[in-house]
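Written out below as structure tokens is the structure these notes cover.
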Amino acid sequence: MGNSLCKWIKGVTGTLKVPVTFLKVPGTFLLSLALLLLTACGSASPRTFSGEQAYAHVLEQCALGARPTGSPAIRAAGDAIIAHLEGWDWAVETQEFTYRDTPVRNIIGRAGEGPVVIVGAHYDTRRSADQEDPAQPVLGANDGASGAAVLMELARVLDKDRLRHQVWLVFFDAEDNGGLDGWEWCVGSSYMAANLTFRPEAMVLVDMVGDADQQFYFERNSSPALQQELWDIAATLGYTTTFVPEYRWTVYDDHIPFVQLGIPAVDIIDFDYPYWHTTRDTPDKVSPASLERVGRVLEVWLEGP
Ligand SMILES: [Zn+2]
């Protein structure tokens, strides 16, 4: 059942409260019908994370070509993200600034109420495939598009009435030019963390999450308790071979500026990806099933089981 229909039914049942007492039989019938429909609405999340839908977002982003910070392609990718968020009734805000004469834009989609949790991903791609051919850019199907695609599909499927927090879906710019001509890593996320006016309750980063050959290990800069919580959710969903509760990587990524503020933060990253920072980071290396596993874990974390 669709979200909008459920909302309409909830609205109708709300307006029925008074008239029902006067309408007697027809009112009782209407109330029963409404309660039946409400039960159907409340029994499960109306939408479940779809790997195929997320994969379509990987294809859309890659169709724009490489999307390095400051390029027309990343501007178009960002505009598409904003349109998508607004289309699913998320409140959108951008953070725009200049870094080394280059325009940078973080995009934030907000929904729900209560303490803030951030789910982040970078959406820029590395301007040099320096693991292979530095003159070429990285298309970034996995390193860039996969995380942003998961966030966009979350924007579609999350049931805002069930969110246990205010959720910020954050698309970071300027993560991935680190080490090129003196650029730093994680420029967009550092800017956001430096300009926070409150303390988020938690931050979860998804980066390089779409590899068809997917394994997520514990990452040493991440907060152990939150990491364990997420991997426990994965286990309840049966993802024990992909979410492996053993330490493997130590990664400097967009979660670090939040870790440094003392905010519990976790990087969900599959760093064992042979096409990393090469021209071969293309959509054929990404699978819908991999995107779906990550999305389902986040969906349960944000909405509850
Ligand atoms: Zn990268």
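In the structure tokens, each chain is lettered A, B, ... as it comes, each chain's residues begin at 1, and ligands are numbered from 1 in order of appearance.
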
- Message: Please identify all protein, DNA and RNA residues within 10 Å of ligand 1, counting only C-alpha atoms and all ligand atoms, and report them as a ChimeraX atom specification.
- Response: /A:122,124-129,138,140,142-144,175-178,185,207-208,253,271,276-278

Would you mind exporting the chosen residues as a CSV table (one decimal), in the first residue's frame, restricted to C-alpha atoms?
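The result, stored in out-v2.csv:
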```csv
chain,number,residue,atom,x,y,z
A,122,HIS,CA,30.3,11.2,-1.0
A,124,ASP,CA,32.0,13.3,-6.1
A,125,THR,CA,34.4,11.2,-8.1
A,126,ARG,CA,38.2,11.3,-8.2
A,127,ARG,CA,39.5,13.4,-11.0
A,128,SER,CA,42.5,11.2,-11.6
A,129,ALA,CA,42.5,7.4,-12.0
A,138,VAL,CA,37.4,7.8,-12.4
A,140,GLY,CA,33.1,6.1,-9.9
A,142,ASN,CA,31.3,2.2,-6.8
A,143,ASP,CA,33.5,4.9,-5.5
A,144,GLY,CA,30.9,7.7,-5.4
A,175,GLU,CA,35.9,13.7,-0.7
A,176,ASP,CA,37.9,12.1,-3.4
A,177,ASN,CA,40.7,14.4,-4.7
A,178,GLY,CA,42.9,13.8,-1.7
A,185,TRP,CA,40.6,14.3,1.5
A,207,ASP,CA,31.3,4.4,0.7
A,208,MET,CA,32.2,1.8,-2.0
A,253,ASP,CA,37.0,8.8,5.1
A,271,PHE,CA,37.8,-1.5,0.6
A,276,TRP,CA,39.6,1.4,-6.9
A,277,HIS,CA,40.8,4.7,-8.5
A,278,THR,CA,41.0,3.1,-11.9
```

- For range 88-103 of chain A, list every protein, DNA or RNA residue within 6 Å, evaluated using only C-alpha atoms, and leave out those in the same chain fewer than 6 positions away; present the list as an MDAnalysis selection string. chainID A and resid 70 109:111 156

- Message: To one decimal place in Å, what is the distance between CA of Pro245 in chain A and CA of Tyr217 in chain A?
- Response: 6.0 Å

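For the atom pair formed by CA of Cys186 in chain A and CA of Val119 in chain A, the distance is 15.2 Å, given to one decimal.
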
- Query: So which bits of range 66-216 of chain A end up strand (DSSP E) when you DSSP the backbone, as an MDAnalysis selection string?
  - Reply: chainID A and resid 91:99 102:111 116:122 166:172 202:207 216

Requested write-out: N, CA and C atoms of the selected residues, as a CSV table (one decimal), in the first residue's frame:
```csv
chain,number,residue,atom,x,y,z
A,91,ALA,N,13.0,17.7,3.2
A,91,ALA,CA,13.4,19.1,3.2
A,91,ALA,C,14.9,19.2,2.8
A,92,VAL,N,15.2,20.0,1.8
A,92,VAL,CA,16.6,20.0,1.2
A,92,VAL,C,17.2,21.4,1.5
A,93,GLU,N,18.5,21.2,1.9
A,93,GLU,CA,19.4,22.4,2.2
A,93,GLU,C,20.7,22.1,1.5
A,94,THR,N,21.4,23.1,1.1
A,94,THR,CA,22.7,22.9,0.5
A,94,THR,C,23.7,23.7,1.3
A,95,GLN,N,25.0,23.2,1.3
A,95,GLN,CA,26.1,24.0,1.9
A,95,GLN,C,27.0,24.2,0.8
A,96,GLU,N,27.2,25.5,0.4
A,96,GLU,CA,28.1,25.8,-0.7
A,96,GLU,C,29.2,26.6,-0.3
A,97,PHE,N,30.4,26.3,-0.7
A,97,PHE,CA,31.6,27.1,-0.4
A,97,PHE,C,32.7,26.8,-1.4
A,98,THR,N,33.8,27.5,-1.3
A,98,THR,CA,34.8,27.4,-2.3
A,98,THR,C,36.1,26.8,-1.6
A,99,TYR,N,36.7,25.9,-2.3
A,99,TYR,CA,37.9,25.3,-1.8
A,99,TYR,C,38.9,25.3,-3.0
A,102,THR,N,37.6,26.3,-6.2
A,102,THR,CA,36.7,25.3,-6.8
A,102,THR,C,35.4,25.3,-6.0
A,103,PRO,N,34.2,25.4,-6.7
A,103,PRO,CA,33.0,25.4,-5.9
A,103,PRO,C,32.7,24.0,-5.4
A,104,VAL,N,32.2,23.9,-4.2
A,104,VAL,CA,31.9,22.7,-3.5
A,104,VAL,C,30.5,22.8,-3.0
A,105,ARG,N,29.7,21.7,-3.1
A,105,ARG,CA,28.3,21.7,-2.6
A,105,ARG,C,28.0,20.4,-1.9
A,106,ASN,N,27.7,20.5,-0.6
A,106,ASN,CA,27.1,19.4,0.2
A,106,ASN,C,25.6,19.6,0.0
A,107,ILE,N,24.9,18.4,0.0
A,107,ILE,CA,23.5,18.4,-0.1
A,107,ILE,C,22.9,17.6,1.1
A,108,ILE,N,21.9,18.2,1.7
A,108,ILE,CA,21.3,17.6,2.9
A,108,ILE,C,19.8,17.5,2.7
A,109,GLY,N,19.3,16.2,2.9
A,109,GLY,CA,17.9,16.0,2.9
A,109,GLY,C,17.5,15.7,4.3
A,110,ARG,N,16.4,16.3,4.9
A,110,ARG,CA,16.0,16.1,6.3
A,110,ARG,C,14.6,15.6,6.4
A,111,ALA,N,14.3,14.7,7.3
A,111,ALA,CA,12.9,14.3,7.6
A,111,ALA,C,12.9,13.7,9.0
A,116,VAL,N,19.2,14.1,15.9
A,116,VAL,CA,19.6,13.9,14.5
A,116,VAL,C,20.6,12.8,14.3
A,117,VAL,N,20.3,11.9,13.4
A,117,VAL,CA,21.3,11.0,12.9
A,117,VAL,C,21.6,11.3,11.4
A,118,ILE,N,22.9,11.2,11.1
A,118,ILE,CA,23.3,11.5,9.7
A,118,ILE,C,23.7,10.2,9.0
A,119,VAL,N,23.1,10.0,7.8
A,119,VAL,CA,23.6,9.0,7.0
A,119,VAL,C,24.2,9.6,5.8
A,120,GLY,N,25.5,9.4,5.6
A,120,GLY,CA,26.3,10.2,4.6
A,120,GLY,C,26.9,9.3,3.5
A,121,ALA,N,27.2,10.0,2.4
A,121,ALA,CA,28.0,9.3,1.3
A,121,ALA,C,28.6,10.4,0.5
A,122,HIS,N,29.8,10.2,-0.1
A,122,HIS,CA,30.3,11.2,-1.0
A,122,HIS,C,29.7,11.0,-2.4
A,166,GLN,N,15.3,12.4,13.8
A,166,GLN,CA,15.4,13.2,12.6
A,166,GLN,C,16.6,12.7,11.8
A,167,VAL,N,16.3,12.3,10.5
A,167,VAL,CA,17.3,11.7,9.7
A,167,VAL,C,17.8,12.8,8.7
A,168,TRP,N,19.1,12.9,8.6
A,168,TRP,CA,19.7,13.7,7.6
A,168,TRP,C,20.4,12.8,6.6
A,169,LEU,N,20.0,12.8,5.3
A,169,LEU,CA,20.7,12.1,4.3
A,169,LEU,C,21.7,13.2,3.7
A,170,VAL,N,23.0,12.9,3.8
A,170,VAL,CA,24.0,13.9,3.5
A,170,VAL,C,24.8,13.4,2.3
A,171,PHE,N,24.9,14.2,1.3
A,171,PHE,CA,25.7,13.9,0.1
A,171,PHE,C,26.9,14.8,0.1
A,172,PHE,N,28.0,14.3,0.4
A,172,PHE,CA,29.2,15.1,0.6
A,172,PHE,C,29.9,15.3,-0.8
A,202,ALA,N,24.4,10.3,16.0
A,202,ALA,CA,25.3,9.3,15.3
A,202,ALA,C,25.4,9.7,13.9
A,203,MET,N,26.5,9.1,13.3
A,203,MET,CA,26.7,9.3,11.9
A,203,MET,C,27.2,7.9,11.2
A,204,VAL,N,26.5,7.6,10.1
A,204,VAL,CA,26.9,6.4,9.4
A,204,VAL,C,27.2,6.8,8.0
A,205,LEU,N,28.4,6.4,7.6
A,205,LEU,CA,28.9,6.6,6.2
A,205,LEU,C,28.8,5.4,5.4
A,206,VAL,N,28.3,5.5,4.1
A,206,VAL,CA,28.4,4.4,3.2
A,206,VAL,C,29.3,4.8,2.0
A,207,ASP,N,30.3,4.0,1.7
A,207,ASP,CA,31.3,4.4,0.7
A,207,ASP,C,31.8,3.1,0.1
A,216,PHE,N,32.0,-6.6,4.0
A,216,PHE,CA,32.2,-5.5,4.9
A,216,PHE,C,32.8,-6.0,6.2
```

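Between Leu85 in chain A and the residues A:Asp270, A:Leu158, A:Gly210, A:Ser189, the shortest atom-to-atom distance, using only C-alpha atoms, involves A:Leu158.
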
- Please provide the set of residues having any atom within 9 Å of range 193-196 of chain A, restricted to only C-alpha atoms, with same-chain residues fewer than 4 positions apart removed, written as number ranges by chain. A: 188-189, 200, 257-258, 261

Go ahead and save the residues from that selection, with N, CA and C atoms, as a CSV table (one decimal), in the first residue's frame.
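Produced file part_28.csv, reproduced below:
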```
chain,number,residue,atom,x,y,z
A,188,GLY,N,34.4,18.2,2.0
A,188,GLY,CA,32.9,18.6,2.2
A,188,GLY,C,32.5,18.1,3.6
A,189,SER,N,32.9,16.9,4.0
A,189,SER,CA,32.5,16.5,5.4
A,189,SER,C,33.1,17.3,6.5
A,200,PRO,N,25.0,15.9,16.5
A,200,PRO,CA,24.2,14.7,16.1
A,200,PRO,C,24.4,13.5,17.0
A,257,PRO,N,35.8,13.4,10.4
A,257,PRO,CA,35.5,14.7,11.0
A,257,PRO,C,34.5,14.6,12.1
A,258,PHE,N,33.6,13.6,12.0
A,258,PHE,CA,32.6,13.4,13.1
A,258,PHE,C,33.2,12.7,14.3
A,261,LEU,N,34.9,14.9,16.5
A,261,LEU,CA,34.0,15.7,17.4
A,261,LEU,C,33.4,14.8,18.6
```

- Query: When DSSP works through the backbone of this structure, what residues of range 94-246 of chain A end up as alpha helix (DSSP H), shown as number ranges by chain?
  - Reply: A: 147-157, 187-194, 224-236

Go ahead and save the picked residues with C-alpha atoms, as a compact mmCIF listing (two decimals), in the first residue's frame.
```
# COMPACT_ATOMS: atom_id res chain seq x y z
CA GLY A 147 26.74 5.36 -1.67
CA ALA A 148 24.75 8.24 -3.15
CA ALA A 149 22.44 5.71 -4.83
CA VAL A 150 21.76 3.99 -1.50
CA LEU A 151 20.87 7.33 0.07
CA MET A 152 18.53 8.21 -2.80
CA GLU A 153 16.70 4.89 -2.53
CA LEU A 154 16.43 5.43 1.24
CA ALA A 155 14.78 8.77 0.49
CA ARG A 156 12.11 6.89 -1.46
CA VAL A 157 11.49 4.02 0.95
CA VAL A 187 36.75 18.47 2.29
CA GLY A 188 32.94 18.56 2.22
CA SER A 189 32.45 16.46 5.36
CA SER A 190 35.11 18.45 7.23
CA TYR A 191 33.27 21.65 6.33
CA MET A 192 29.97 20.25 7.58
CA ALA A 193 31.46 18.97 10.84
CA ALA A 194 33.23 22.30 11.45
CA PRO A 224 32.80 -0.05 18.05
CA ALA A 225 29.34 -0.09 19.68
CA LEU A 226 27.53 1.43 16.69
CA GLN A 227 29.50 -0.78 14.33
CA GLN A 228 28.45 -3.86 16.30
CA GLU A 229 24.81 -2.67 16.27
CA LEU A 230 24.80 -2.36 12.47
CA TRP A 231 26.52 -5.70 11.92
CA ASP A 232 24.00 -7.31 14.34
CA ILE A 233 21.15 -5.93 12.21
CA ALA A 234 22.86 -7.39 9.14
CA ALA A 235 23.04 -10.77 10.88
CA THR A 236 19.31 -10.70 11.66
```

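The closest residue to Gly114 in chain A, picked from A:Ile263, A:Ala66, A:Lys285, A:Arg162 and counting only C-alpha atoms, is A:Arg162.
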
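Compared by their closest atoms to Gln215 in chain A, and using only C-alpha atoms, the residues A:Arg293, A:Asp181, A:Arg199, A:Val259 rank with A:Arg293 nearest.
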
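We find CA of Leu237 in chain A and CA of Gln61 in chain A to be spaced 28.6 Å apart.
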
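Using only C-alpha atoms, the nearest neighbour of Ser71 in chain A within the list A:Asp173, A:Glu184, A:Glu52, A:Asp213 is A:Asp173.
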
- Note on the structure: Of A:Glu60, A:Ile256, A:Ile268, A:Pro134, the one nearest to Phe243 in chain A when counting only C-alpha atoms is A:Ile268

- Task: Pick out the residues sitting within 7 Å of Glu219 in chain A, and hand them over as a PyMOL selection string; count only C-alpha atoms, and ignore anything fewer than 3 positions along from it in its own chain.
- Result: chain A and resi 222+247-251+267

- Residues at most 8 Å from Leu291 in chain A, counting only C-alpha atoms, excluding those fewer than 5 positions away in the same chain, as a VMD selection string? chain A and resid 51 54 to 55 146 150 209 to 210
